[in-house]
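*Asks:* See input-v3.cif below, with mmCIF, C-alpha atoms.
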data_coords
#
loop_
_atom_site.label_atom_id
_atom_site.label_comp_id
_atom_site.auth_asym_id
_atom_site.auth_seq_id
_atom_site.Cartn_x
_atom_site.Cartn_y
_atom_site.Cartn_z
CA MET J 1 19.59 -25.89 -4.60
CA ASN J 2 19.47 -22.16 -5.28
CA THR J 3 23.15 -21.50 -5.98
CA VAL J 4 23.06 -17.75 -5.35
CA ARG J 5 21.20 -18.16 -2.10
CA HIS J 6 23.76 -20.76 -1.06
CA SER J 7 26.64 -18.40 -1.91
CA LEU J 8 25.19 -15.73 0.36
CA LYS J 9 25.06 -18.01 3.37
CA ILE J 10 27.52 -17.03 6.07
CA ASN J 11 28.95 -18.88 9.03
CA CYS J 12 27.71 -16.45 11.65
CA VAL J 13 30.13 -17.49 14.37
CA ALA J 14 33.16 -17.22 12.10
CA GLU J 15 31.90 -13.98 10.54
CA SER J 16 31.26 -12.42 13.90
CA GLY J 17 34.77 -13.39 15.04
CA LYS J 18 36.31 -11.90 11.90
CA ILE J 19 34.48 -8.60 12.34
CA CYS J 20 35.37 -8.42 16.04
CA ASN J 21 39.04 -8.85 15.16
CA PHE J 22 38.65 -6.07 12.61
CA ILE J 23 37.02 -3.73 15.14
CA ARG J 24 39.66 -4.42 17.79
CA GLY J 25 42.46 -3.94 15.31
CA GLN J 26 41.08 -0.66 14.04
CA VAL J 27 39.94 0.89 17.32
CA LEU J 28 42.81 -0.14 19.56
CA SER J 29 45.82 -0.73 17.31
CA ARG J 30 45.30 1.51 14.31
CA TYR J 31 43.26 4.47 15.58
CA LYS J 32 44.54 3.99 19.13
CA ARG J 33 41.17 5.00 20.60
CA LYS J 34 39.52 3.92 23.81
CA GLY J 35 36.23 2.75 22.30
CA ALA J 36 33.52 3.30 19.71
CA VAL J 37 30.39 5.41 19.32
CA VAL J 38 27.49 3.92 17.37
CA GLY J 39 24.42 5.87 16.28
CA LEU J 40 21.43 3.72 17.26
CA SER J 41 18.62 4.34 14.79
CA GLY J 42 16.36 1.61 16.09
CA GLY J 43 17.16 -0.39 12.94
CA ILE J 44 18.87 -3.72 12.36
CA ASP J 45 22.19 -2.39 10.99
CA SER J 46 23.01 -0.21 13.97
CA ALA J 47 21.84 -2.89 16.42
CA VAL J 48 24.16 -5.47 14.84
CA THR J 49 27.06 -3.01 14.63
CA ALA J 50 26.67 -2.03 18.29
CA SER J 51 26.47 -5.71 19.27
CA LEU J 52 29.66 -6.45 17.35
CA CYS J 53 31.42 -3.51 18.99
CA VAL J 54 30.37 -4.75 22.42
CA ARG J 55 31.62 -8.23 21.63
CA ALA J 56 34.90 -6.84 20.29
CA LEU J 57 35.65 -4.15 22.84
CA GLY J 58 33.50 -4.84 25.90
CA LYS J 59 30.33 -2.96 26.84
CA GLU J 60 32.19 -0.34 28.85
CA ARG J 61 33.97 0.85 25.67
CA VAL J 62 30.86 1.38 23.55
CA LEU J 63 28.59 4.41 23.61
CA GLY J 64 25.20 4.38 21.89
CA LEU J 65 23.87 7.67 20.58
CA ILE J 66 20.16 8.02 19.84
CA LEU J 67 19.44 11.06 17.69
CA PRO J 68 15.72 11.54 17.06
CA GLU J 69 14.07 14.64 15.62
CA LYS J 70 10.46 15.70 15.46
CA GLU J 71 9.75 13.84 12.21
CA SER J 72 11.33 10.54 13.32
CA ASN J 73 9.05 7.61 13.95
CA PRO J 74 8.72 7.58 17.80
CA ILE J 75 9.38 3.83 17.81
CA SER J 76 12.93 4.49 16.53
CA LYS J 77 13.92 6.13 19.79
CA GLU J 78 12.24 3.43 21.88
CA LEU J 79 13.99 0.66 19.96
CA GLY J 80 17.33 2.48 20.10
CA ILE J 81 17.03 2.69 23.89
CA ALA J 82 15.88 -0.94 24.10
CA CYS J 83 18.94 -1.99 22.08
CA ALA J 84 21.35 -0.04 24.31
CA GLU J 85 19.73 -1.41 27.46
CA ARG J 86 19.86 -4.97 26.15
CA LEU J 87 23.57 -4.54 25.41
CA GLY J 88 24.20 -2.85 28.76
CA ILE J 89 26.06 0.06 27.16
CA ASP J 90 26.02 3.73 28.11
CA PHE J 91 23.79 5.77 25.85
CA GLU J 92 22.68 9.33 25.29
CA VAL J 93 19.51 10.58 23.68
CA VAL J 94 19.98 13.89 21.88
CA ASP J 95 16.93 15.39 20.21
CA ILE J 96 18.44 17.08 17.14
CA THR J 97 15.26 19.06 16.34
CA PRO J 98 16.67 22.37 17.73
CA GLN J 99 19.85 21.87 15.68
CA LEU J 100 17.80 21.32 12.54
CA GLU J 101 15.64 24.33 13.39
CA ALA J 102 18.81 26.42 13.72
CA PHE J 103 19.48 25.43 10.12
CA ASP J 104 15.93 26.55 9.17
CA LEU J 105 15.49 23.07 7.74
CA TYR J 106 11.78 22.67 8.44
CA LYS J 107 10.95 26.26 7.45
CA ASN J 108 12.90 26.24 4.18
CA ARG J 109 11.66 22.79 3.23
CA GLY J 110 8.06 23.82 4.01
CA ARG J 111 8.44 26.72 1.59
CA ILE J 112 9.60 24.37 -1.17
CA ILE J 113 6.75 21.95 -0.47
CA ARG J 114 4.13 24.72 -0.52
CA GLU J 115 5.25 25.59 -4.04
CA ILE J 116 4.27 22.04 -4.99
CA PHE J 117 1.22 21.71 -2.74
CA PRO J 118 -0.03 25.15 -1.55
CA GLU J 119 -2.28 23.45 1.02
CA PHE J 120 0.73 21.93 2.84
CA ASN J 121 1.12 23.01 6.48
CA ASP J 122 2.83 21.79 9.66
CA SER J 123 0.02 19.34 10.35
CA CYS J 124 0.63 17.52 7.06
CA LYS J 125 2.98 14.57 6.67
CA PHE J 126 4.99 13.77 3.58
CA LYS J 127 7.29 11.28 1.91
CA VAL J 128 9.26 10.72 -1.28
CA SER J 129 9.17 7.42 -3.14
CA ILE J 130 9.95 5.99 -6.57
CA PRO J 131 7.77 3.76 -8.80
CA GLN J 132 7.90 0.15 -7.64
CA ASP J 133 7.48 -1.55 -11.01
CA LEU J 134 11.20 -1.84 -11.71
CA LEU J 135 11.07 -5.50 -12.70
CA ASP J 136 7.87 -5.23 -14.71
CA ARG J 137 8.71 -2.68 -17.40
CA ASP J 138 11.56 -0.63 -18.85
CA ARG J 139 11.49 2.75 -17.18
CA TYR J 140 13.59 5.34 -15.42
CA ASN J 141 13.46 6.17 -11.75
CA PHE J 142 11.75 9.40 -10.84
CA ARG J 143 10.58 10.74 -7.50
CA ILE J 144 6.98 10.86 -6.37
CA PHE J 145 6.13 13.32 -3.64
CA THR J 146 3.21 12.37 -1.39
CA ILE J 147 1.56 14.48 1.28
CA LYS J 148 -1.01 13.36 3.81
CA LEU J 149 -3.46 16.10 4.80
CA PRO J 150 -4.80 16.30 8.38
CA ASN J 151 -8.08 14.75 7.17
CA GLY J 152 -6.16 11.69 5.98
CA GLU J 153 -6.37 12.52 2.28
CA LEU J 154 -3.27 11.58 0.27
CA LYS J 155 -2.06 13.70 -2.65
CA GLU J 156 0.89 12.94 -4.89
CA LYS J 157 2.87 14.54 -7.71
CA ARG J 158 6.00 13.74 -9.64
CA LEU J 159 8.87 15.92 -8.42
CA SER J 160 10.74 18.11 -10.86
CA ILE J 161 14.51 17.84 -10.73
CA ASN J 162 14.82 21.25 -9.06
CA ASP J 163 12.29 20.43 -6.35
CA TRP J 164 13.91 17.03 -5.72
CA LEU J 165 17.38 18.55 -5.41
CA GLN J 166 16.14 21.14 -2.92
CA ILE J 167 14.18 18.64 -0.83
CA SER J 168 16.96 16.08 -0.88
CA ALA J 169 19.61 18.66 0.09
CA ALA J 170 17.40 19.73 3.01
CA GLN J 171 16.68 16.15 4.12
CA ASN J 172 20.36 15.21 3.99
CA ILE J 173 21.05 17.82 6.67
CA LYS J 174 19.49 15.36 9.11
CA GLN J 175 22.13 12.70 8.52
CA ARG J 176 24.89 15.31 8.48
CA ILE J 177 23.81 16.79 11.81
CA ARG J 178 23.79 13.26 13.22
CA MET J 179 27.35 12.81 11.96
CA ILE J 180 28.44 16.00 13.77
CA ASN J 181 26.89 14.75 17.00
CA LEU J 182 28.52 11.34 16.66
CA TYR J 183 31.94 12.94 16.21
CA TYR J 184 31.39 15.34 19.10
CA TYR J 185 30.67 12.47 21.46
CA ALA J 186 33.43 10.29 19.99
CA GLU J 187 36.20 12.87 20.13
CA LYS J 188 35.51 14.05 23.65
CA SER J 189 35.93 10.46 24.88
CA ASN J 190 38.79 9.58 22.51
CA TYR J 191 36.50 7.09 20.77
CA LEU J 192 35.99 6.56 17.05
CA VAL J 193 32.73 6.50 15.10
CA ALA J 194 31.64 3.07 13.90
CA GLY J 195 29.43 3.24 10.81
CA THR J 196 26.44 1.04 10.07
CA THR J 197 26.34 0.96 6.27
CA ASN J 198 25.88 -2.52 4.79
CA ARG J 199 27.08 -3.81 1.41
CA THR J 200 23.69 -3.44 -0.28
CA GLU J 201 23.64 0.24 0.62
CA LEU J 202 27.31 0.76 -0.17
CA LEU J 203 27.17 -0.74 -3.67
CA LEU J 204 24.13 1.24 -4.75
CA GLY J 205 24.90 4.48 -2.94
CA PHE J 206 22.13 4.44 -0.37
CA TYR J 207 23.71 6.72 2.21
CA VAL J 208 24.60 10.39 2.59
CA LYS J 209 28.11 11.65 1.92
CA TYR J 210 29.49 13.09 5.15
CA GLY J 211 26.21 12.04 6.76
CA ASP J 212 25.75 8.39 7.67
CA GLY J 213 28.69 7.77 5.33
CA GLY J 214 30.92 10.03 7.47
CA VAL J 215 32.48 7.56 9.90
CA ASP J 216 35.86 6.09 10.89
CA ILE J 217 35.22 2.40 10.29
CA GLU J 218 32.53 0.36 8.54
CA PRO J 219 32.34 -3.04 10.29
CA ILE J 220 29.43 -4.43 8.24
CA SER J 221 29.99 -2.84 4.83
CA HIS J 222 31.01 -6.21 3.36
CA LEU J 223 27.69 -7.84 4.36
CA TYR J 224 24.52 -7.73 2.30
CA LYS J 225 21.41 -6.72 4.20
CA MET J 226 20.13 -10.30 4.46
CA GLN J 227 23.48 -11.36 5.90
CA VAL J 228 23.09 -8.63 8.52
CA TYR J 229 19.77 -10.26 9.43
CA ASP J 230 21.54 -13.64 9.64
CA LEU J 231 24.12 -12.15 11.96
CA ALA J 232 21.42 -10.54 14.09
CA ASN J 233 20.39 -14.04 15.14
CA GLU J 234 23.80 -14.36 16.80
CA PHE J 235 23.00 -11.49 19.14
CA GLU J 236 20.28 -10.65 21.59
CA ILE J 237 18.60 -8.01 19.49
CA PRO J 238 15.07 -6.95 20.46
CA ALA J 239 12.49 -8.63 18.22
CA GLY J 240 10.94 -5.22 17.45
CA ILE J 241 14.15 -4.26 15.64
CA ILE J 242 14.41 -7.48 13.65
CA ASP J 243 10.74 -7.43 12.64
CA ARG J 244 10.68 -3.77 11.69
CA LEU J 245 10.47 -2.76 8.02
CA PRO J 246 13.77 -1.01 7.14
CA SER J 247 13.21 2.70 6.53
CA PRO J 248 15.32 5.84 6.10
CA ASP J 249 13.08 7.37 8.82
CA THR J 250 13.78 10.92 7.68
CA TYR J 251 10.28 11.68 6.32
CA SER J 252 7.27 12.34 8.51
CA LEU J 253 5.15 9.89 6.50
CA ALA J 254 6.39 6.31 6.75
CA VAL J 255 8.38 5.10 3.74
CA SER J 256 10.41 1.89 3.48
CA ASP J 257 13.89 1.53 1.98
CA GLN J 258 12.26 -0.37 -0.85
CA GLU J 259 9.74 2.38 -1.63
CA PHE J 260 12.30 5.14 -1.26
CA PHE J 261 15.25 3.71 -3.14
CA PHE J 262 15.59 0.00 -4.00
CA CYS J 263 12.20 -0.89 -5.57
CA ILE J 264 12.86 -4.58 -4.82
CA PRO J 265 12.42 -6.42 -1.48
CA TYR J 266 15.75 -7.08 0.25
CA ASP J 267 15.52 -10.87 0.03
CA VAL J 268 15.31 -10.68 -3.78
CA LEU J 269 17.51 -7.61 -4.13
CA ASP J 270 20.50 -9.15 -2.36
CA LEU J 271 20.46 -12.26 -4.51
CA LEU J 272 20.29 -10.19 -7.69
CA LEU J 273 22.98 -7.86 -6.44
CA TYR J 274 25.31 -10.71 -5.59
CA ALA J 275 24.76 -12.26 -9.02
CA TRP J 276 25.36 -8.92 -10.73
CA GLU J 277 28.57 -8.32 -8.79
CA ASN J 278 29.88 -11.81 -9.43
CA ASN J 279 28.90 -12.11 -13.11
CA ILE J 280 26.63 -15.09 -12.53
CA SER J 281 24.86 -16.04 -15.74
CA ILE J 282 21.40 -14.56 -15.98
CA GLU J 283 20.10 -17.84 -17.41
CA GLN J 284 21.17 -19.65 -14.24
CA LEU J 285 19.78 -16.84 -12.11
CA SER J 286 16.49 -16.96 -13.99
CA LEU J 287 16.11 -20.63 -13.10
CA ASP J 288 17.18 -20.12 -9.49
CA MET J 289 14.95 -17.16 -8.80
CA ASN J 290 11.98 -17.80 -11.02
CA LEU J 291 12.42 -14.43 -12.73
CA SER J 292 12.43 -13.82 -16.48
CA LEU J 293 15.61 -12.81 -18.28
CA GLU J 294 14.04 -9.41 -18.96
CA GLN J 295 13.31 -8.85 -15.28
CA ILE J 296 16.89 -9.67 -14.34
CA LYS J 297 18.25 -7.38 -17.04
CA ARG J 298 16.06 -4.53 -15.75
CA ALA J 299 17.38 -5.04 -12.23
CA PHE J 300 20.98 -5.11 -13.48
CA ARG J 301 20.47 -1.91 -15.49
CA ASP J 302 19.12 -0.24 -12.36
CA PHE J 303 22.14 -1.41 -10.33
CA GLU J 304 24.51 -0.11 -12.98
CA SER J 305 22.74 3.23 -13.05
CA LYS J 306 22.73 3.61 -9.26
CA LYS J 307 26.35 2.54 -8.99
CA ASN J 308 27.43 4.98 -11.69
CA SER J 309 25.55 7.92 -10.24
CA SER J 310 26.92 7.31 -6.73
CA TRP J 311 30.61 6.65 -7.51
CA HIS J 312 31.66 9.84 -5.69
CA LEU J 313 30.26 8.53 -2.41
CA ARG J 314 32.78 5.71 -2.37
CA GLU J 315 35.90 7.74 -3.14
CA LEU J 316 38.05 10.28 -1.41
CA PRO J 317 37.74 13.75 -2.96
CA PRO J 318 39.87 13.73 -6.12
CA GLY J 319 42.91 16.00 -6.20
CA ILE J 320 45.85 16.64 -8.47
CA SER J 321 48.71 14.32 -7.63
CA GLY J 322 52.38 15.21 -7.84
CA MET E 1 17.39 25.74 -35.12
CA ASN E 2 16.24 22.16 -35.79
CA GLU E 3 15.16 19.91 -32.92
CA GLN E 4 18.00 17.47 -33.48
CA TYR E 5 20.54 20.24 -32.99
CA LYS E 6 18.73 21.82 -30.05
CA VAL E 7 18.50 18.52 -28.16
CA LYS E 8 22.08 17.62 -28.95
CA ARG E 9 23.28 21.06 -27.83
CA PHE E 10 21.47 20.64 -24.50
CA ILE E 11 23.09 17.22 -23.96
CA ILE E 12 26.55 18.47 -24.88
CA ASP E 13 26.32 21.70 -22.86
CA ASN E 14 25.00 19.98 -19.76
CA TYR E 15 26.65 16.57 -19.69
CA ILE E 16 29.64 16.41 -22.01
CA PHE E 17 31.21 19.86 -21.93
CA GLU E 18 32.83 19.54 -25.37
CA GLU E 19 32.51 21.84 -28.35
CA GLU E 20 32.09 19.28 -31.11
CA PRO E 21 28.55 17.98 -31.70
CA GLU E 22 30.10 14.90 -33.35
CA ILE E 23 31.17 13.74 -29.90
CA ILE E 24 27.88 11.82 -29.67
CA ASP E 25 26.02 9.92 -32.31
CA ASP E 26 22.30 10.52 -32.57
CA ASN E 27 21.65 6.87 -31.76
CA ASP E 28 24.05 6.59 -28.80
CA SER E 29 22.35 5.35 -25.64
CA PHE E 30 22.75 8.05 -23.00
CA LEU E 31 22.77 5.53 -20.16
CA GLU E 32 24.96 2.87 -21.77
CA LYS E 33 27.52 5.46 -22.83
CA GLY E 34 27.44 6.93 -19.33
CA ILE E 35 26.41 10.33 -20.71
CA ILE E 36 23.46 10.82 -18.40
CA ASP E 37 22.67 9.41 -14.96
CA SER E 38 19.28 9.20 -13.26
CA THR E 39 19.45 12.85 -12.16
CA GLY E 40 20.26 13.76 -15.76
CA VAL E 41 17.13 12.00 -16.97
CA MET E 42 15.05 14.16 -14.62
CA GLU E 43 16.81 17.25 -15.99
CA LEU E 44 16.04 16.08 -19.50
CA ILE E 45 12.35 15.80 -18.61
CA MET E 46 12.35 19.37 -17.33
CA PHE E 47 14.15 20.56 -20.47
CA VAL E 48 11.53 18.92 -22.68
CA GLU E 49 8.58 20.23 -20.64
CA GLU E 50 9.88 23.78 -20.47
CA THR E 51 11.33 24.10 -23.96
CA TYR E 52 8.40 22.56 -25.83
CA GLU E 53 5.62 23.32 -23.35
CA ILE E 54 4.50 19.72 -23.30
CA GLU E 55 3.55 17.57 -20.35
CA VAL E 56 5.53 14.36 -19.92
CA ASP E 57 3.33 11.63 -18.42
CA ASP E 58 4.85 9.28 -15.83
CA GLU E 59 4.30 6.31 -18.15
CA GLU E 60 6.35 8.04 -20.84
CA ILE E 61 9.52 8.26 -18.73
CA ILE E 62 11.06 5.25 -20.40
CA PRO E 63 14.28 4.58 -22.35
CA GLU E 64 12.27 4.27 -25.56
CA ASN E 65 11.56 8.02 -25.31
CA PHE E 66 14.61 9.44 -23.55
CA ASP E 67 17.68 7.32 -24.20
CA SER E 68 19.20 8.90 -27.33
CA VAL E 69 19.03 12.08 -29.35
CA ASN E 70 16.93 10.35 -32.00
CA LYS E 71 14.54 8.77 -29.52
CA LEU E 72 14.05 12.04 -27.73
CA CYS E 73 13.50 14.00 -30.95
CA ASN E 74 10.97 11.45 -32.09
CA TYR E 75 9.18 11.64 -28.76
CA ILE E 76 9.08 15.45 -28.91
CA LYS E 77 7.76 15.31 -32.47
CA VAL E 78 4.95 12.94 -31.53
CA LYS E 79 4.02 15.02 -28.46
CA LEU E 80 4.00 18.26 -30.42
CA GLU E 81 1.87 16.70 -33.13
CA SER E 82 -0.63 15.54 -30.56
CA LYS E 83 -0.96 19.14 -29.37
CA ILE E 84 -2.07 20.41 -32.76
CA PRO E 85 -5.87 20.53 -32.95
CA LYS E 86 -7.19 18.30 -35.73
#
Re-express the file's structure as structure tokens.

*Replies:*
Amino acid sequence: MNTVRHSLKINCVAESGKICNFIRGQVLSRYKRKGAVVGLSGGIDSAVTASLCVRALGKERVLGLILPEKESNPISKELGIACAERLGIDFEVVDITPQLEAFDLYKNRGRIIREIFPEFNDSCKFKVSIPQDLLDRDRYNFRIFTIKLPNGELKEKRLSINDWLQISAAQNIKQRIRMINLYYYAEKSNYLVAGTTNRTELLLGFYVKYGDGGVDIEPISHLYKMQVYDLANEFEIPAGIIDRLPSPDTYSLAVSDQEFFFCIPYDVLDLLLYAWENNISIEQLSLDMNLSLEQIKRAFRDFESKKNSSWHLRELPPGISG
Amino acid sequence: MNEQYKVKRFIIDNYIFEEEPEIIDDNDSFLEKGIIDSTGVMELIMFVEETYEIEVDDEEIIPENFDSVNKLCNYIKVKLESKIPK
């Protein structure tokens, strides 16, 4: 039997009970709040988190917030609403486009993009990705910027560090504006904000500081992504959410989590990540997963690099003690 | 200023913030020693392209070319040589 795969198996009933106890303890006893707000992105993590909150607190104590903007995939809003309706919770849809416009996000970002592709205009779509050959050769991650012209033509270029920093800073405003909205709705009802970050994202730094990482509790941050899928089977989550390819959904051109950040499909990534975290021998892993030693070492180097460059996301701001 | 010194100075000024060039060995792995992270590698690419007016191809963004002072200097040397008309 694949030993790593076996180690990642969870008892969904027991796990769900443990998380519900955690949510109740935090919301009611520790924070002394009346309920929880969950941002519903139309993805699996928020659907599972909202379901857990409903099971822990009751549907009348959970508010779903759906926060689309003009570049979101329209299906995200539909699935967010479908999730809230299935759970029977109150929900609000707040289009954050005007808030992002007030920040000049689209205008400023367009200016940066036109320096890279002068033909870029509001009718174009775009995305950022990284090379997907992580396991196949020794290489560093760099960002590839792709635009889709109105005639369907795709153009791509490697981003310079300065362009990437500017685009990434602009894009991160989206998650940070969502955080502000979540706290506005939470505080006016004396609720807390329940986060939706899973362990895979947490370990490798796949979230925005004070954006989707700005929350009061993280009920699923101990679960790898595939375990979140396992747990989803415990709940009545719309099939469209379970079947959907996970995506950051912050770029107008579709890009998956794998293309944007991880470079490895989740079902392989989680096994490698678990092995890396738990010092499982790479020889054993190689046999279990049918990967070469070199491929495993490349994945581990990438994990180390991502963990090291994202350490500040997982810590409180340092200060001088004493 | 020789290339070894110039590259080392860039690394020290941007990632180490120490005065002494001896703080890193020319063969130290930037990633293994935690000197440079993935953003740092992208900065290093820009430094090389702008300082030496050479174009770094995507396929060349590999540890063999960018992971130590010596590797980087060797890469720069080869790229500069390939620019000289024969």

*Asks:* Excluding Phe262 in chain J and residues on its chain fewer than 3 positions from it, collect all residues at most 9 Å away from it, counting all atoms listed in the file, and give them as a VMD selection string.

*Replies:* chain J and resid 130 132 204 206 257 to 259 265 to 266 269

*Asks:* Would you mind listing what lies within 9 Å of Val215 in chain J as a ChimeraX atom specification, with only C-alpha atoms counted and same-chain residues fewer than 2 positions away left out?

*Replies:* /J:179,182-183,192-196,210-213,217-218

*Asks:* Should the cut-off be 7 Å, what would the residue list for chain E against chain J look like, counting all atoms listed in the file, as a ChimeraX atom specification?

*Replies:* /E:37-38,42-43,46,61-63

*Asks:* Go through the shown structure with the PyMOL selection byres ((chain E and resi 70) around 8) and write out the matching residues as an MDAnalysis selection string.

*Replies:* chainID E and resid 4 26:27 68:69 71:74

*Asks:* I'd like to know which of J:Glu277, J:Gly43, J:Tyr207, J:Ser7 is closest to Asn73 in chain J, using only C-alpha atoms.

*Replies:*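 Among J:Glu277, J:Gly43, J:Tyr207, J:Ser7, it is J:Gly43 that comes nearest to Asn73 in chain J.
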
*Asks:* Excluding same-chain residues fewer than 5 positions from Glu119 in chain J, what lies within 12 Å of it counting only C-alpha atoms, as a list in words?

*Replies:* Gly110, Arg111, Ile113, Arg114, Cys124, Lys125, Ile147, Lys148, Leu149, Pro150, Glu153, Leu154 and Lys155 of chain J

*Asks:* Within 12 Å of Ser281 in chain J, counting all atoms listed in the file, which residues qualify if same-chain residues fewer than 2 places away don't, as a VMD selection string?

*Replies:* chain J and resid 3 to 4 272 274 to 279 283 to 288 293 296 to 297 300

*Asks:* With distances taken over only C-alpha atoms, which residue among J:Glu92, J:Ser16, J:Ile44, J:Arg24 lies nearest Pro246 in chain J?

*Replies:*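 Using only C-alpha atoms, the shortest distance to Pro246 in chain J belongs to J:Ile44.
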
*Asks:* Restricting the calculation to all atoms listed in the file, which member of J:Arg55, J:Lys174, J:Lys34, J:Lys225 is positioned closest to Lys188 in chain J?

*Replies:* J:Lys34

*Asks:* Just how far from CA of Ile220 in chain J is CA of Gly35 in chain J, in Å to one decimal?

*Replies:*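 Answer for the CA of Gly35 in chain J to CA of Ile220 in chain J separation: 17.2 Å.
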
*Asks:* Would you compute the distance between CA of Lys83 in chain E and CA of Val56 in chain E? Give it in Å to one decimal.

*Replies:*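 Straight-line distance from CA of Lys83 in chain E to CA of Val56 in chain E works out to 12.4 Å.
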
*Asks:* Hey, could you pull the box centre and edge lengths for range 28-39 of chain E, axis-aligned, 8 Å padding per side, all listed atoms, to one decimal in Å, as JSON?

*Replies:*
{"center_x": 23.4, "center_y": 7.9, "center_z": -20.5, "size_x": 24.2, "size_y": 26.0, "size_z": 32.6}

*Asks:* Missing atoms in range 90-110 of chain J need filling: write out N, CA and C atoms for it as a tab-separated table (two decimals), in the coordinates of the input.

*Replies:*
chain	number	residue	atom	x	y	z
J	90	ASP	N	26.44	2.36	27.84
J	90	ASP	CA	26.02	3.73	28.11
J	90	ASP	C	25.37	4.29	26.85
J	91	PHE	N	24.38	5.13	27.03
J	91	PHE	CA	23.79	5.77	25.85
J	91	PHE	C	23.31	7.17	26.19
J	92	GLU	N	23.21	7.97	25.16
J	92	GLU	CA	22.68	9.33	25.29
J	92	GLU	C	21.58	9.49	24.26
J	93	VAL	N	20.55	10.22	24.65
J	93	VAL	CA	19.51	10.58	23.68
J	93	VAL	C	19.62	12.08	23.45
J	94	VAL	N	19.88	12.46	22.22
J	94	VAL	CA	19.98	13.89	21.88
J	94	VAL	C	18.93	14.19	20.82
J	95	ASP	N	17.93	14.98	21.20
J	95	ASP	CA	16.93	15.39	20.21
J	95	ASP	C	17.57	16.46	19.31
J	96	ILE	N	17.73	16.14	18.04
J	96	ILE	CA	18.44	17.08	17.14
J	96	ILE	C	17.49	18.11	16.51
J	97	THR	N	16.22	18.10	16.93
J	97	THR	CA	15.26	19.06	16.34
J	97	THR	C	15.76	20.51	16.45
J	98	PRO	N	16.21	20.97	17.65
J	98	PRO	CA	16.67	22.37	17.73
J	98	PRO	C	17.84	22.66	16.78
J	99	GLN	N	18.71	21.66	16.58
J	99	GLN	CA	19.85	21.87	15.68
J	99	GLN	C	19.36	22.02	14.23
J	100	LEU	N	18.35	21.24	13.90
J	100	LEU	CA	17.80	21.32	12.54
J	100	LEU	C	17.02	22.62	12.36
J	101	GLU	N	16.37	23.05	13.45
J	101	GLU	CA	15.64	24.33	13.39
J	101	GLU	C	16.63	25.49	13.21
J	102	ALA	N	17.79	25.37	13.86
J	102	ALA	CA	18.81	26.42	13.72
J	102	ALA	C	19.26	26.54	12.27
J	103	PHE	N	19.13	25.45	11.55
J	103	PHE	CA	19.48	25.43	10.12
J	103	PHE	C	18.32	25.91	9.26
J	104	ASP	N	17.16	26.20	9.89
J	104	ASP	CA	15.93	26.55	9.17
J	104	ASP	C	15.46	25.43	8.26
J	105	LEU	N	15.84	24.21	8.60
J	105	LEU	CA	15.49	23.07	7.74
J	105	LEU	C	13.99	22.97	7.50
J	106	TYR	N	13.22	22.91	8.60
J	106	TYR	CA	11.78	22.67	8.44
J	106	TYR	C	11.11	23.84	7.71
J	107	LYS	N	11.55	25.07	8.05
J	107	LYS	CA	10.95	26.26	7.45
J	107	LYS	C	11.25	26.32	5.94
J	108	ASN	N	12.52	26.16	5.60
J	108	ASN	CA	12.90	26.24	4.18
J	108	ASN	C	12.26	25.12	3.36
J	109	ARG	N	12.24	23.92	3.96
J	109	ARG	CA	11.66	22.79	3.23
J	109	ARG	C	10.14	22.99	3.05
J	110	GLY	N	9.50	23.54	4.10
J	110	GLY	CA	8.06	23.82	4.01
J	110	GLY	C	7.76	24.78	2.86
